[in-house]
Amino acid sequence: MDVNSAFLNGYLNEEVYDEQLKGFNDPAFPDHVFALYNLKLAPRAWYERLTVFLVHHGYKKGGINKTLHVKEKDGKLMVAQIYVDGIVFGGMSDEMVQLFVKQMQYEIEMSLVGELTYFLGLQIKQMEDSIFLCQSKYAKNIVKKFGLENTSYKRTSAPTHLKLFNDEKGVIIDQSLYRSMIGSLHYLTTSRPDITFIVGVCARYQAELKVSHFNQVKRNLKYVNGTCDHGIPYSHKSNSMLLCYWDADWARSVDDRKSRSEGCFFWGNNLISLFNKK
């Protein structure tokens with residue numbers, strides 16, 4: 001659902017002073033202010049009002065993700081994720097979902113957008129027994145942005161023998177393009193765990209950028225170019241066992257001989273978390 005004029009729904013608990021902008025003064029109404037939508041306090045006021053409303057109706061705010069609200073009733077869950085003026089919600093009971101919609105529309109003016117298919121660059125394909133998340137459109141756009149759409153594909157994101165290091169004797173090149181590539185790839189890791197580790201490694205060399213680091217990021221983009229449709233599947237019928245896989249490589253870092261490791265958590269067959277550590 002999408003909230004109409006979200007920032008106008010918050011309650012201000014303090015006095016706010018404002019004035020007309022220079023060059024936009026209205027001599028007929030010198031004491032009038034035409035809009036407070038961009039008030040700095042507006043986002044916080046809106047979020048606080050919505051949070052108080054949800055907590056009043058039995059929802060609990062997430063401990064890590066403060067914009068996630070969860071309600072449990074008779075062993076069934078109802079989940080609402082807030083992002084500015086958009087709310088993504090779902091539940092294990094049609095009755096809970098319809099009640100949530102009714103409560104929200106009674107309290108705040110909003111519109112139902114429909115089944116979730118696209119959100120913040122994420123493409124969501126909902127099927128009978130599973131959900132598939134990907135960023136194929138975004139992946140194609142960043143490959144095209146950096147002019148690599150017509151280059152040959154790479155089968156892996158990095159060579160198996162690759163060990164990136166400071167490369168003090170390497171040629172120094174401009175950082176701006178490299179940082180733009182790293183930033184674009186970082187957002188792609190939302191649905192592409194296969195590139196998470198190598199993107200994180202490349203990000204460590206943004207301050208002392210050399211040609212060897214730049215070539216590796218370009219290879220990563222060439223790999224993405226050939227795998228734009230890859231993503232993460234989530235099965236509805238997965239078991240409830242929590243599993244952890246850990247890969248530790250002792251003293252792998254060429255720069256300081258520290259250990260590097262990477263791991264992931266699965267809920268049954270579904271990937272729920274990735275982490276890497278140096």
# chains A, B, ... in the order shown; residues from 1 in each chain; ligands from 1
>>> residues_around(residues="stretch 41-44 of chain A", least_positions_apart="2", cutoff="10 Å", atoms="only C-alpha atoms", output="PyMOL selection string")
chain A and resi 6-12+14+16+36-39+46-50+84-85
>>> write_last_selection(atoms="C-alpha atoms", output="compact mmCIF listing (two decimals), in the first residue's frame")
# COMPACT_ATOMS: atom_id res chain seq x y z
CA ALA A 6 2.63 10.63 4.19
CA PHE A 7 4.60 13.48 5.75
CA LEU A 8 1.44 15.52 6.31
CA ASN A 9 0.06 12.79 8.59
CA GLY A 10 2.53 13.24 11.44
CA TYR A 11 1.73 15.08 14.67
CA LEU A 12 4.11 17.86 15.72
CA GLU A 14 6.52 21.38 19.43
CA VAL A 16 7.79 25.38 14.55
CA LEU A 36 5.37 22.44 5.45
CA TYR A 37 5.74 19.12 3.60
CA ASN A 38 9.54 19.32 3.56
CA LEU A 39 9.84 20.14 7.22
CA TRP A 46 5.08 10.43 10.46
CA TYR A 47 7.01 7.35 11.54
CA GLU A 48 6.22 7.93 15.23
CA ARG A 49 2.50 8.26 14.52
CA LEU A 50 2.44 5.07 12.46
CA VAL A 84 8.96 6.05 3.96
CA ASP A 85 5.42 6.23 2.45
>>> residues_around(residues="A:Gly200", least_positions_apart="3", cutoff="9 Å", atoms="only C-alpha atoms", output="PDB file with N, CA and C atoms, in the first residue's frame")
ATOM      1  N   ILE A 182      31.656   0.133  -7.464  1.00  0.00           N
ATOM      2  CA  ILE A 182      31.514  -0.568  -6.187  1.00  0.00           C
ATOM      3  C   ILE A 182      30.152  -0.278  -5.567  1.00  0.00           C
ATOM      4  N   HIS A 186      27.312  -3.041  -4.812  1.00  0.00           N
ATOM      5  CA  HIS A 186      26.900  -3.270  -3.426  1.00  0.00           C
ATOM      6  C   HIS A 186      25.381  -3.432  -3.337  1.00  0.00           C
ATOM      7  N   ILE A 195      28.147 -12.708  -5.437  1.00  0.00           N
ATOM      8  CA  ILE A 195      29.159 -11.674  -5.663  1.00  0.00           C
ATOM      9  C   ILE A 195      29.472 -10.890  -4.387  1.00  0.00           C
ATOM     10  N   THR A 196      28.811 -11.230  -3.287  1.00  0.00           N
ATOM     11  CA  THR A 196      28.945 -10.448  -2.063  1.00  0.00           C
ATOM     12  C   THR A 196      30.387 -10.371  -1.566  1.00  0.00           C
ATOM     13  N   PHE A 197      31.066 -11.515  -1.525  1.00  0.00           N
ATOM     14  CA  PHE A 197      32.405 -11.541  -0.938  1.00  0.00           C
ATOM     15  C   PHE A 197      33.403 -10.750  -1.779  1.00  0.00           C
ATOM     16  N   ALA A 203      36.023  -3.437  -2.336  1.00  0.00           N
ATOM     17  CA  ALA A 203      35.682  -2.171  -1.690  1.00  0.00           C
ATOM     18  C   ALA A 203      36.775  -1.711  -0.730  1.00  0.00           C
ATOM     19  N   ARG A 204      37.633  -2.616  -0.270  1.00  0.00           N
ATOM     20  CA  ARG A 204      38.686  -2.250   0.685  1.00  0.00           C
ATOM     21  C   ARG A 204      39.801  -1.426   0.058  1.00  0.00           C
ATOM     22  N   ASN A 276      30.574 -11.809   6.145  1.00  0.00           N
ATOM     23  CA  ASN A 276      31.990 -12.075   5.934  1.00  0.00           C
ATOM     24  C   ASN A 276      32.783 -11.285   6.952  1.00  0.00           C
TER      25      ASN A 276
END
>>> select_by_dssp(residues="stretch 19-201 of chain A", states="alpha helix (DSSP H)", output="PyMOL selection string")
chain A and resi 42-56+94-107+136-145+175-188+196-201
>>> residues_around(residues="stretch 231-238 of chain A", least_positions_apart="4", cutoff="6 Å", atoms="only C-alpha atoms", output="MDAnalysis selection string")
chainID A and resid 129:134 191:192 268:270
>>> residues_around(residues="stretch 166-170 of chain A", least_positions_apart="3", cutoff="10 Å", atoms="only C-alpha atoms", output="list in words")
Ile173, Arg204, Tyr205, Glu208, Leu209, Lys210, Val211, Ser212, His213, Val254 and Asp255 of chain A
>>> write_last_selection(atoms="all heavy atoms", output="JSON list (two decimals), in the first residue's frame")
[["chain", "number", "residue", "atom", "x", "y", "z"],
["A", 173, "ILE", "N", 45.13, 4.93, -10.55],
["A", 173, "ILE", "CA", 44.15, 5.47, -11.49],
["A", 173, "ILE", "C", 43.07, 6.24, -10.72],
["A", 173, "ILE", "O", 43.00, 6.19, -9.49],
["A", 173, "ILE", "CB", 43.50, 4.36, -12.35],
["A", 173, "ILE", "CG1", 42.79, 3.32, -11.48],
["A", 173, "ILE", "CG2", 44.55, 3.68, -13.21],
["A", 173, "ILE", "CD1", 42.07, 2.27, -12.28],
["A", 204, "ARG", "N", 37.63, -2.62, -0.27],
["A", 204, "ARG", "CA", 38.69, -2.25, 0.69],
["A", 204, "ARG", "C", 39.80, -1.43, 0.06],
["A", 204, "ARG", "O", 40.59, -0.82, 0.76],
["A", 204, "ARG", "CB", 39.29, -3.52, 1.29],
["A", 204, "ARG", "CG", 38.29, -4.34, 2.10],
["A", 204, "ARG", "CD", 38.85, -5.68, 2.46],
["A", 204, "ARG", "NE", 37.85, -6.52, 3.14],
["A", 204, "ARG", "CZ", 37.91, -7.83, 3.23],
["A", 204, "ARG", "NH1", 38.91, -8.48, 2.66],
["A", 204, "ARG", "NH2", 36.97, -8.51, 3.86],
["A", 205, "TYR", "N", 39.85, -1.41, -1.27],
["A", 205, "TYR", "CA", 40.97, -0.75, -1.94],
["A", 205, "TYR", "C", 40.56, 0.54, -2.65],
["A", 205, "TYR", "O", 41.22, 0.99, -3.58],
["A", 205, "TYR", "CB", 41.61, -1.71, -2.94],
["A", 205, "TYR", "CG", 42.14, -2.97, -2.29],
["A", 205, "TYR", "CD1", 41.40, -4.16, -2.35],
["A", 205, "TYR", "CD2", 43.32, -2.96, -1.60],
["A", 205, "TYR", "CE1", 41.87, -5.31, -1.74],
["A", 205, "TYR", "CE2", 43.80, -4.12, -0.98],
["A", 205, "TYR", "CZ", 43.06, -5.28, -1.05],
["A", 205, "TYR", "OH", 43.54, -6.41, -0.44],
["A", 208, "GLU", "N", 43.39, 3.42, -2.11],
["A", 208, "GLU", "CA", 44.66, 3.22, -2.82],
["A", 208, "GLU", "C", 44.40, 2.37, -4.05],
["A", 208, "GLU", "O", 44.87, 1.25, -4.16],
["A", 208, "GLU", "CB", 45.68, 2.55, -1.89],
["A", 208, "GLU", "CG", 46.07, 3.36, -0.67],
["A", 208, "GLU", "CD", 46.86, 4.61, -1.04],
["A", 208, "GLU", "OE1", 47.51, 4.60, -2.12],
["A", 208, "GLU", "OE2", 46.84, 5.58, -0.25],
["A", 209, "LEU", "N", 43.64, 2.94, -4.98],
["A", 209, "LEU", "CA", 43.19, 2.19, -6.15],
["A", 209, "LEU", "C", 44.31, 2.00, -7.18],
["A", 209, "LEU", "O", 45.01, 2.94, -7.54],
["A", 209, "LEU", "CB", 42.03, 2.93, -6.80],
["A", 209, "LEU", "CG", 41.50, 2.37, -8.12],
["A", 209, "LEU", "CD1", 41.00, 0.95, -7.93],
["A", 209, "LEU", "CD2", 40.41, 3.27, -8.67],
["A", 210, "LYS", "N", 44.44, 0.74, -7.64],
["A", 210, "LYS", "CA", 45.42, 0.41, -8.68],
["A", 210, "LYS", "C", 44.70, -0.27, -9.85],
["A", 210, "LYS", "O", 43.54, -0.68, -9.74],
["A", 210, "LYS", "CB", 46.50, -0.52, -8.12],
["A", 210, "LYS", "CG", 47.24, 0.04, -6.91],
["A", 210, "LYS", "CD", 47.97, 1.30, -7.23],
["A", 210, "LYS", "CE", 48.83, 1.85, -6.11],
["A", 210, "LYS", "NZ", 48.63, 1.45, -4.77],
["A", 211, "VAL", "N", 45.41, -0.44, -10.95],
["A", 211, "VAL", "CA", 44.83, -1.05, -12.15],
["A", 211, "VAL", "C", 44.34, -2.47, -11.86],
["A", 211, "VAL", "O", 43.29, -2.90, -12.36],
["A", 211, "VAL", "CB", 45.85, -1.05, -13.30],
["A", 211, "VAL", "CG1", 45.32, -1.85, -14.49],
["A", 211, "VAL", "CG2", 46.17, 0.37, -13.74],
["A", 212, "SER", "N", 45.07, -3.22, -11.04],
["A", 212, "SER", "CA", 44.69, -4.60, -10.74],
["A", 212, "SER", "C", 43.33, -4.67, -10.05],
["A", 212, "SER", "O", 42.53, -5.58, -10.31],
["A", 212, "SER", "CB", 45.75, -5.26, -9.86],
["A", 212, "SER", "OG", 45.93, -4.53, -8.65],
["A", 213, "HIS", "N", 43.04, -3.71, -9.18],
["A", 213, "HIS", "CA", 41.75, -3.68, -8.50],
["A", 213, "HIS", "C", 40.62, -3.32, -9.48],
["A", 213, "HIS", "O", 39.55, -3.91, -9.46],
["A", 213, "HIS", "CB", 41.78, -2.66, -7.36],
["A", 213, "HIS", "CG", 42.93, -2.83, -6.43],
["A", 213, "HIS", "ND1", 43.67, -1.78, -5.96],
["A", 213, "HIS", "CD2", 43.49, -3.96, -5.91],
["A", 213, "HIS", "CE1", 44.63, -2.24, -5.16],
["A", 213, "HIS", "NE2", 44.53, -3.56, -5.12],
["A", 254, "VAL", "N", 46.88, -11.16, 1.97],
["A", 254, "VAL", "CA", 48.27, -10.93, 1.54],
["A", 254, "VAL", "C", 48.81, -9.66, 2.20],
["A", 254, "VAL", "O", 50.01, -9.54, 2.43],
["A", 254, "VAL", "CB", 48.34, -10.80, 0.01],
["A", 254, "VAL", "CG1", 49.77, -10.53, -0.45],
["A", 254, "VAL", "CG2", 47.80, -12.06, -0.66],
["A", 255, "ASP", "N", 47.96, -8.72, 2.54],
["A", 255, "ASP", "CA", 48.40, -7.45, 3.09],
["A", 255, "ASP", "C", 48.86, -7.55, 4.53],
["A", 255, "ASP", "O", 49.90, -7.00, 4.91],
["A", 255, "ASP", "CB", 47.27, -6.41, 3.00],
["A", 255, "ASP", "CG", 46.87, -6.13, 1.55],
["A", 255, "ASP", "OD1", 47.77, -6.15, 0.69],
["A", 255, "ASP", "OD2", 45.68, -5.91, 1.30]]
>>> residues_around(residues="A:Gly114", least_positions_apart="4", cutoff="12 Å", atoms="only C-alpha atoms", output="JSON, numbers by chain")
{"A": [1, 2, 87, 88, 89, 90, 101, 118, 119]}
>>> atom_distance(atom1="atom CA of A:Asp194", atom2="atom CA of A:Ser240")
23.8 Å
>>> atom_distance(atom1="atom CA of A:Cys244", atom2="atom CA of A:His230")
22.4 Å
>>> atom_distance(atom1="atom CA of A:Asp74", atom2="atom CA of A:Gln103")
19.3 Å
>>> closest_residue(among="A:Lys222, A:Val70, A:Ile198, A:Asn150", to="A:Val55", atoms="only C-alpha atoms")
A:Val70
